[in-house]
$ cat target39.csv   # CSV, C-alpha atoms
chain,number,residue,atom,x,y,z
A,25,MET,CA,23.2,-16.1,-9.2
A,26,ASN,CA,22.2,-18.4,-12.0
A,27,ARG,CA,20.2,-16.4,-14.4
A,28,ASP,CA,17.3,-17.8,-16.5
A,29,ALA,CA,18.2,-17.6,-20.2
A,30,GLN,CA,14.9,-19.2,-21.2
A,31,PRO,CA,12.0,-17.2,-22.7
A,32,GLN,CA,9.4,-15.8,-20.4
A,33,PRO,CA,7.1,-18.6,-19.4
A,34,GLU,CA,3.4,-18.4,-20.2
A,35,VAL,CA,0.8,-18.3,-17.5
A,36,THR,CA,-1.5,-21.1,-18.7
A,37,GLU,CA,-4.6,-22.5,-17.2
A,38,ALA,CA,-2.6,-25.6,-16.3
A,39,VAL,CA,-0.1,-23.4,-14.4
A,40,LEU,CA,-2.9,-21.6,-12.6
A,41,GLY,CA,-4.5,-24.9,-11.6
A,42,ARG,CA,-1.6,-25.8,-9.4
A,43,LEU,CA,0.4,-22.7,-8.3
A,44,PRO,CA,2.9,-22.8,-5.5
A,45,LEU,CA,2.3,-19.9,-3.1
A,46,PHE,CA,4.8,-17.8,-1.2
A,47,PRO,CA,2.8,-15.7,1.3
A,48,LEU,CA,4.6,-12.7,2.9
A,49,PRO,CA,3.4,-10.1,5.4
A,50,ASN,CA,4.2,-6.8,3.6
A,51,ALA,CA,5.4,-7.7,0.1
A,52,VAL,CA,3.7,-6.7,-3.1
A,53,LEU,CA,5.1,-7.7,-6.5
A,54,PHE,CA,4.0,-5.9,-9.6
A,55,PRO,CA,4.0,-7.4,-13.1
A,56,GLY,CA,7.1,-6.4,-15.0
A,57,VAL,CA,9.2,-5.8,-11.9
A,58,VAL,CA,11.8,-8.1,-10.3
A,59,MET,CA,11.9,-8.6,-6.6
A,60,PRO,CA,14.7,-10.3,-4.6
A,61,LEU,CA,13.5,-13.0,-2.2
A,62,HIS,CA,15.2,-15.0,0.5
A,63,PHE,CA,13.9,-18.5,1.4
A,64,PHE,CA,15.0,-19.7,4.8
A,65,GLU,CA,12.2,-21.5,6.5
A,66,PRO,CA,12.2,-25.3,5.8
A,67,ARG,CA,8.8,-25.3,4.1
A,68,TYR,CA,9.9,-22.4,1.8
A,69,ARG,CA,13.2,-24.0,1.0
A,70,ALA,CA,11.1,-26.9,-0.2
A,71,LEU,CA,9.0,-24.4,-2.3
A,72,ALA,CA,12.2,-22.9,-3.8
A,73,ASP,CA,13.5,-26.4,-4.7
A,74,TYR,CA,10.2,-27.3,-6.3
A,75,CYS,CA,10.0,-24.1,-8.3
A,76,VAL,CA,13.6,-23.9,-9.5
A,77,ASN,CA,13.6,-27.6,-10.6
A,78,GLY,CA,10.1,-27.6,-11.9
A,79,PRO,CA,7.7,-24.9,-13.2
A,80,ARG,CA,10.0,-22.0,-12.4
A,81,MET,CA,6.9,-20.0,-11.4
A,82,MET,CA,5.1,-19.3,-8.1
A,83,ALA,CA,2.5,-16.9,-6.7
A,84,LEU,CA,3.6,-14.1,-4.4
A,85,GLY,CA,0.7,-13.3,-2.0
A,86,THR,CA,0.2,-10.8,0.8
A,87,LEU,CA,-0.9,-12.0,4.2
A,88,VAL,CA,-3.9,-10.3,5.7
A,89,PRO,CA,-3.2,-8.4,8.9
A,90,GLY,CA,-3.7,-10.7,11.9
A,91,TYR,CA,-1.8,-13.6,10.3
A,92,GLU,CA,0.5,-14.0,13.3
A,93,ALA,CA,-1.9,-16.2,15.2
A,94,ASP,CA,-1.9,-18.8,12.4
A,95,TYR,CA,1.4,-18.1,10.8
A,96,GLU,CA,2.6,-21.7,10.9
A,97,GLY,CA,-0.7,-22.8,9.3
A,98,ARG,CA,-2.6,-21.3,6.4
A,99,PRO,CA,-3.5,-17.7,7.3
A,100,PRO,CA,-5.6,-15.7,4.8
A,101,ILE,CA,-4.1,-13.8,1.9
A,102,TYR,CA,-5.5,-11.0,-0.2
A,103,PRO,CA,-7.3,-12.5,-3.2
A,104,ILE,CA,-5.3,-10.7,-5.9
A,105,VAL,CA,-1.8,-12.2,-6.1
A,106,THR,CA,1.0,-12.0,-8.6
A,107,VAL,CA,2.4,-14.9,-10.7
A,108,GLY,CA,6.2,-14.5,-10.9
A,109,ALA,CA,8.9,-16.4,-12.8
A,110,VAL,CA,12.2,-17.3,-11.4
A,111,ALA,CA,14.6,-14.9,-13.2
A,112,ALA,CA,17.8,-15.9,-11.2
A,113,GLU,CA,18.5,-18.2,-8.3
A,114,ARG,CA,21.3,-19.1,-5.9
A,115,ARG,CA,21.2,-22.0,-3.5
A,116,LEU,CA,23.3,-21.5,-0.4
A,117,PRO,CA,25.4,-24.3,1.2
A,118,ASP,CA,23.0,-24.6,4.1
A,119,GLY,CA,20.0,-25.1,1.8
A,120,ARG,CA,18.6,-21.6,1.8
A,121,TRP,CA,17.8,-19.9,-1.5
A,122,ASP,CA,18.1,-16.4,-2.9
A,123,ILE,CA,15.7,-16.0,-5.9
A,124,ALA,CA,14.9,-13.0,-8.1
A,125,LEU,CA,11.3,-13.3,-9.0
A,126,ARG,CA,10.0,-11.4,-12.1
A,127,GLY,CA,6.3,-10.5,-11.9
A,128,LEU,CA,4.3,-11.8,-14.9
A,129,SER,CA,0.6,-11.1,-14.2
A,130,ARG,CA,-2.1,-10.4,-11.7
A,131,VAL,CA,-4.4,-13.4,-10.9
A,132,GLU,CA,-7.2,-14.0,-8.4
A,133,LEU,CA,-7.2,-16.7,-5.8
A,134,VAL,CA,-10.0,-19.3,-6.4
A,135,GLU,CA,-9.2,-21.9,-3.7
A,136,GLU,CA,-6.4,-23.6,-1.9
A,137,VAL,CA,-5.5,-27.0,-3.3
A,138,ALA,CA,-5.0,-30.1,-1.1
A,139,SER,CA,-1.4,-31.3,-1.3
A,140,ASN,CA,1.2,-33.3,0.5
A,141,GLU,CA,3.8,-30.6,0.0
A,142,PRO,CA,4.9,-28.7,3.0
A,143,PHE,CA,4.1,-25.4,1.3
A,144,ARG,CA,0.7,-24.1,0.1
A,145,ILE,CA,-0.6,-24.6,-3.4
A,146,ILE,CA,-3.5,-22.6,-4.9
A,147,ARG,CA,-5.8,-22.5,-7.9
A,148,ALA,CA,-6.1,-19.1,-9.4
A,149,ARG,CA,-7.8,-17.5,-12.4
A,150,LYS,CA,-6.8,-14.6,-14.7
A,151,VAL,CA,-8.3,-11.2,-14.1
A,152,ARG,CA,-9.3,-8.7,-16.8
A,153,GLU,CA,-7.9,-5.2,-16.6
A,154,ILE,CA,-10.3,-2.4,-17.6
A,155,GLU,CA,-8.9,0.2,-20.0
A,156,ARG,CA,-10.4,3.5,-20.9
A,157,ASN,CA,-10.4,5.2,-24.3
A,158,ASP,CA,-8.0,7.9,-23.1
A,159,ASP,CA,-5.5,5.5,-21.4
A,160,ARG,CA,-2.9,5.9,-24.1
A,161,LEU,CA,-2.8,9.6,-23.6
A,162,GLY,CA,-2.7,9.1,-19.8
A,163,ALA,CA,0.3,6.7,-20.4
A,164,GLU,CA,2.2,9.4,-22.3
A,165,ARG,CA,1.6,11.9,-19.4
A,166,LEU,CA,2.7,9.3,-16.9
A,167,ARG,CA,5.8,8.5,-18.9
A,168,SER,CA,6.7,12.2,-19.1
A,169,ALA,CA,6.4,12.5,-15.3
A,170,VAL,CA,8.6,9.5,-14.8
A,171,VAL,CA,11.3,11.0,-17.0
A,172,GLN,CA,11.1,14.2,-15.0
A,173,VAL,CA,11.7,12.3,-11.8
A,174,ALA,CA,14.4,10.1,-13.3
A,175,ASN,CA,16.3,13.2,-14.5
A,176,GLN,CA,16.5,14.3,-10.9
A,177,LEU,CA,17.8,10.8,-9.9
A,178,PRO,CA,20.3,9.8,-12.6
A,179,ALA,CA,21.4,6.7,-10.8
A,180,LEU,CA,17.9,5.3,-11.4
A,181,TRP,CA,18.1,5.3,-15.2
A,182,PRO,CA,20.1,2.1,-15.7
A,183,GLN,CA,17.4,0.2,-13.7
A,184,LEU,CA,14.4,2.1,-15.1
A,185,SER,CA,15.2,2.4,-18.7
A,186,PRO,CA,14.8,-1.2,-19.8
A,187,LEU,CA,11.6,-1.5,-17.7
A,188,LEU,CA,10.1,1.5,-19.6
A,189,VAL,CA,11.1,0.1,-22.9
A,190,ALA,CA,9.4,-3.2,-22.1
A,191,ALA,CA,6.2,-1.6,-20.8
A,192,ARG,CA,4.2,-1.5,-24.1
A,193,SER,CA,0.7,-1.0,-22.7
A,194,PRO,CA,-0.7,1.6,-20.2
A,195,GLY,CA,-1.3,-1.1,-17.7
A,196,ALA,CA,2.3,-2.5,-18.0
A,197,LEU,CA,3.7,1.1,-17.6
A,198,ALA,CA,1.6,1.7,-14.5
A,199,ASP,CA,2.8,-1.5,-12.9
A,200,VAL,CA,6.5,-0.7,-13.6
A,201,VAL,CA,6.1,2.8,-12.2
A,202,ALA,CA,4.3,1.5,-9.1
A,203,GLY,CA,6.9,-1.1,-8.5
A,204,THR,CA,9.7,1.3,-8.9
A,205,PHE,CA,8.5,4.4,-7.0
A,206,LEU,CA,5.8,3.5,-4.5
A,207,GLU,CA,7.3,2.7,-1.0
A,208,SER,CA,4.2,2.5,1.1
A,209,HIS,CA,2.9,-1.0,1.5
A,210,ASP,CA,-0.7,0.2,1.7
A,211,GLU,CA,-0.4,2.2,-1.6
A,212,ARG,CA,1.3,-0.7,-3.3
A,213,ARG,CA,-1.4,-3.1,-2.2
A,214,LYS,CA,-4.2,-0.7,-3.3
A,215,LEU,CA,-2.7,-0.4,-6.8
A,216,LEU,CA,-2.2,-4.1,-7.2
A,217,ASP,CA,-5.8,-4.7,-6.4
A,218,GLU,CA,-7.0,-1.9,-8.7
A,219,LEU,CA,-8.0,-3.3,-12.1
A,220,VAL,CA,-9.0,0.0,-13.7
A,221,VAL,CA,-5.8,1.0,-15.5
A,222,GLY,CA,-6.7,4.7,-15.7
A,223,LYS,CA,-7.3,4.9,-11.9
A,224,ARG,CA,-3.8,3.4,-11.3
A,225,MET,CA,-2.2,6.0,-13.6
A,226,ASP,CA,-4.1,8.8,-11.9
A,227,ALA,CA,-2.9,7.7,-8.5
A,228,LEU,CA,0.7,7.4,-9.8
A,229,GLN,CA,0.6,10.9,-11.4
A,230,ASP,CA,-0.2,12.2,-7.9
A,231,ALA,CA,2.5,10.1,-6.3
A,232,LEU,CA,5.2,11.3,-8.8
A,233,ALA,CA,4.1,14.9,-8.3
A,234,GLN,CA,4.8,14.4,-4.6
A,235,VAL,CA,8.2,12.8,-5.4
A,236,LEU,CA,9.1,15.9,-7.5
A,237,LEU,CA,8.0,18.2,-4.7
A,238,ASP,CA,10.0,16.3,-2.1
A,239,LEU,CA,13.1,16.4,-4.3
A,240,ALA,CA,12.7,20.2,-4.8
A,241,LEU,CA,12.4,20.7,-1.0
A,242,ARG,CA,15.4,18.5,-0.3
A,243,ALA,CA,17.5,20.4,-2.8
A,244,ARG,CA,16.4,23.7,-1.3
A,245,ALA,CA,17.3,22.6,2.2
A,246,GLU,CA,20.7,21.3,1.0
A,247,ASN,CA,21.4,24.7,-0.6
A,248,LYS,CA,20.6,26.5,2.7
A,249,THR,CA,22.9,24.1,4.6
A,250,ASN,CA,25.7,24.3,2.1
A,251,PRO,CA,25.6,27.8,0.6
A,252,GLU,CA,28.0,28.6,-2.3
A,253,PRO,CA,31.2,30.3,-1.1
A,254,LEU,CA,31.5,34.0,-1.9
A,255,HIS,CA,34.1,35.0,-4.5
$ encode --input "target39.csv" --output "structure tokens"
Amino acid sequence: MNRDAQPQPEVTEAVLGRLPLFPLPNAVLFPGVVMPLHFFEPRYRALADYCVNGPRMMALGTLVPGYEADYEGRPPIYPIVTVGAVAAERRLPDGRWDIALRGLSRVELVEEVASNEPFRIIRARKVREIERNDDRLGAERLRSAVVQVANQLPALWPQLSPLLVAARSPGALADVVAGTFLESHDERRKLLDELVVGKRMDALQDALAQVLLDLALRARAENKTNPEPLH
């Protein structure tokens, strides 16, 4: 893939006023996390062409259940979407695209913009996250829990370490943890919509505790299946 060596683009009002939209059924992108995407439908190949050769940003939105009846049209999306920047791209010989999209920030859908493009364009606005006085302490507890889990999964460290270093605020840390560890679409959707940072961290503490429990139970089961030989 061609990798973007440019500095991270700024999400300006001008960008938000005309933002290309890539709507997907079960995809949730968190700020600070990179998601690989494949563009194969003609309208989304056009979207990829537009973004790679233009603003290098797009919105990733989640389609509301029931979208199938109007999939070829403009089915509704959840109002909170993520602006992402093209971090790397590869155009395939048949015109399809592989793009790595790096999440930048949550924004809220305002309206859909009339356009002659084959893909959808929206206008969005920035949203304000709500921080509590004790969020810094909560972030330290969350970071400690992440380290506990990562120590049980050493292969995760190369991916996780730079994300943790870059996450300099409680909200950014919560997004990185959610994007890395949450597998359930419903849980990911709920935390993307949650603007109270402390509530996101509380939910993630519970999720990581469950991960640690699952790892312990798996290790115990493996020990029973493969007991150490007697000497």
$ atom_distance --input "target39.csv" --atom1 "CA of Ala124 (chain A)" --atom2 "CA of Met25 (chain A)"
8.9 Å
$ closest_residue --input "target39.csv" --among "A:Ala148, A:Ala111, A:Val201, A:Ala243" --to "Glu37 (chain A)" --atoms "all atoms listed in the file"
A:Ala148
$ atom_distance --input "target39.csv" --atom1 "CA of Val220 (chain A)" --atom2 "CA of Val137 (chain A)"
29.1 Å
$ residues_near_point --input "target39.csv" --point "(2.8, -5.4, -15.1)" --cutoff "9 Å" --atoms "only C-alpha atoms" --output "list of chain:residue names"
A:Phe54, A:Pro55, A:Gly56, A:Val57, A:Gly127, A:Leu128, A:Ser129, A:Arg130, A:Ala191, A:Gly195, A:Ala196, A:Leu197, A:Ala198, A:Asp199, A:Val200, A:Gly203
$ residues_around --input "target39.csv" --residues "Leu45 (chain A)" --least-positions-apart "4" --cutoff "7 Å" --atoms "only C-alpha atoms" --output "list in words"
Met82, Ala83, Leu84, Gly85, Arg144, Ile145 and Ile146 of chain A
$ closest_residue --input "target39.csv" --among "A:Leu188, A:Ala169, A:Leu216, A:Leu133" --to "Gln234 (chain A)" --atoms "all atoms listed in the file"
A:Ala169
$ closest_residue --input "target39.csv" --among "A:Leu61, A:Val35, A:Ala51, A:Ile101" --to "Pro79 (chain A)" --atoms "all atoms listed in the file"
A:Val35
$ residues_around --input "target39.csv" --residues "Ala227 (chain A)" --least-positions-apart "5" --cutoff "12 Å" --atoms "all atoms listed in the file" --output "ChimeraX atom specification"
/A:162,166,198-199,201-202,205-206,211-212,214-216,218,220-222,232-234
$ decode --input "target39.csv" --residues "region 73-135 of chain A" --atoms "C-alpha atoms" --output "PDB file, in the first residue's frame"
ATOM      1  CA  ASP A  73     -10.962   7.912  -6.067  1.00  0.00           C
ATOM      2  CA  TYR A  74     -12.404  11.194  -4.821  1.00  0.00           C
ATOM      3  CA  CYS A  75     -10.924  10.894  -1.332  1.00  0.00           C
ATOM      4  CA  VAL A  76      -7.475   9.623  -2.300  1.00  0.00           C
ATOM      5  CA  ASN A  77      -7.012  12.320  -4.928  1.00  0.00           C
ATOM      6  CA  GLY A  78      -8.732  15.070  -2.949  1.00  0.00           C
ATOM      7  CA  PRO A  79      -9.379  15.682   0.740  1.00  0.00           C
ATOM      8  CA  ARG A  80      -8.015  12.308   1.908  1.00  0.00           C
ATOM      9  CA  MET A  81     -10.807  12.251   4.489  1.00  0.00           C
ATOM     10  CA  MET A  82     -14.229  10.646   4.662  1.00  0.00           C
ATOM     11  CA  ALA A  83     -16.907   9.808   7.227  1.00  0.00           C
ATOM     12  CA  LEU A  84     -17.504   6.195   8.189  1.00  0.00           C
ATOM     13  CA  GLY A  85     -21.128   5.743   9.208  1.00  0.00           C
ATOM     14  CA  THR A  86     -23.141   2.789  10.462  1.00  0.00           C
ATOM     15  CA  LEU A  87     -26.354   1.854   8.697  1.00  0.00           C
ATOM     16  CA  VAL A  88     -29.426   1.543  10.904  1.00  0.00           C
ATOM     17  CA  PRO A  89     -30.947  -1.985  10.911  1.00  0.00           C
ATOM     18  CA  GLY A  90     -33.503  -2.403   8.167  1.00  0.00           C
ATOM     19  CA  TYR A  91     -31.290  -0.701   5.587  1.00  0.00           C
ATOM     20  CA  GLU A  92     -31.614  -3.637   3.150  1.00  0.00           C
ATOM     21  CA  ALA A  93     -34.886  -2.379   1.650  1.00  0.00           C
ATOM     22  CA  ASP A  94     -33.195   0.842   0.474  1.00  0.00           C
ATOM     23  CA  TYR A  95     -29.560  -0.251   0.273  1.00  0.00           C
ATOM     24  CA  GLU A  96     -29.078   1.106  -3.254  1.00  0.00           C
ATOM     25  CA  GLY A  97     -30.552   4.447  -2.165  1.00  0.00           C
ATOM     26  CA  ARG A  98     -29.894   6.510   0.935  1.00  0.00           C
ATOM     27  CA  PRO A  99     -30.848   4.399   3.967  1.00  0.00           C
ATOM     28  CA  PRO A 100     -30.563   6.043   7.405  1.00  0.00           C
ATOM     29  CA  ILE A 101     -27.330   5.986   9.395  1.00  0.00           C
ATOM     30  CA  TYR A 102     -26.720   6.535  13.108  1.00  0.00           C
ATOM     31  CA  PRO A 103     -26.159  10.261  13.769  1.00  0.00           C
ATOM     32  CA  ILE A 104     -22.707   9.903  15.336  1.00  0.00           C
ATOM     33  CA  VAL A 105     -20.113   9.087  12.668  1.00  0.00           C
ATOM     34  CA  THR A 106     -16.325   9.090  12.603  1.00  0.00           C
ATOM     35  CA  VAL A 107     -14.198  11.268  10.371  1.00  0.00           C
ATOM     36  CA  GLY A 108     -11.218   9.275   9.140  1.00  0.00           C
ATOM     37  CA  ALA A 109      -8.079  10.110   7.170  1.00  0.00           C
ATOM     38  CA  VAL A 110      -6.619   7.932   4.444  1.00  0.00           C
ATOM     39  CA  ALA A 111      -3.467   6.495   6.058  1.00  0.00           C
ATOM     40  CA  ALA A 112      -2.572   4.103   3.237  1.00  0.00           C
ATOM     41  CA  GLU A 113      -4.135   3.082  -0.041  1.00  0.00           C
ATOM     42  CA  ARG A 114      -3.781   0.610  -2.901  1.00  0.00           C
ATOM     43  CA  ARG A 115      -5.684   0.710  -6.172  1.00  0.00           C
ATOM     44  CA  LEU A 116      -6.195  -2.717  -7.710  1.00  0.00           C
ATOM     45  CA  PRO A 117      -5.971  -3.273 -11.486  1.00  0.00           C
ATOM     46  CA  ASP A 118      -9.754  -3.686 -11.824  1.00  0.00           C
ATOM     47  CA  GLY A 119     -10.463  -0.357 -10.097  1.00  0.00           C
ATOM     48  CA  ARG A 120     -11.201  -1.642  -6.611  1.00  0.00           C
ATOM     49  CA  TRP A 121      -9.459   0.019  -3.664  1.00  0.00           C
ATOM     50  CA  ASP A 122      -7.958  -1.127  -0.378  1.00  0.00           C
ATOM     51  CA  ILE A 123      -7.725   1.768   2.068  1.00  0.00           C
ATOM     52  CA  ALA A 124      -6.519   1.980   5.662  1.00  0.00           C
ATOM     53  CA  LEU A 125      -8.637   4.637   7.340  1.00  0.00           C
ATOM     54  CA  ARG A 126      -7.351   6.263  10.543  1.00  0.00           C
ATOM     55  CA  GLY A 127     -10.089   7.575  12.821  1.00  0.00           C
ATOM     56  CA  LEU A 128      -9.739  11.259  13.681  1.00  0.00           C
ATOM     57  CA  SER A 129     -12.834  12.414  15.562  1.00  0.00           C
ATOM     58  CA  ARG A 130     -16.491  11.850  16.315  1.00  0.00           C
ATOM     59  CA  VAL A 131     -18.902  14.175  14.581  1.00  0.00           C
ATOM     60  CA  GLU A 132     -22.680  14.436  14.366  1.00  0.00           C
ATOM     61  CA  LEU A 133     -24.675  14.244  11.170  1.00  0.00           C
ATOM     62  CA  VAL A 134     -26.529  17.479  10.410  1.00  0.00           C
ATOM     63  CA  GLU A 135     -27.932  16.786   6.962  1.00  0.00           C
TER      64      GLU A 135
END
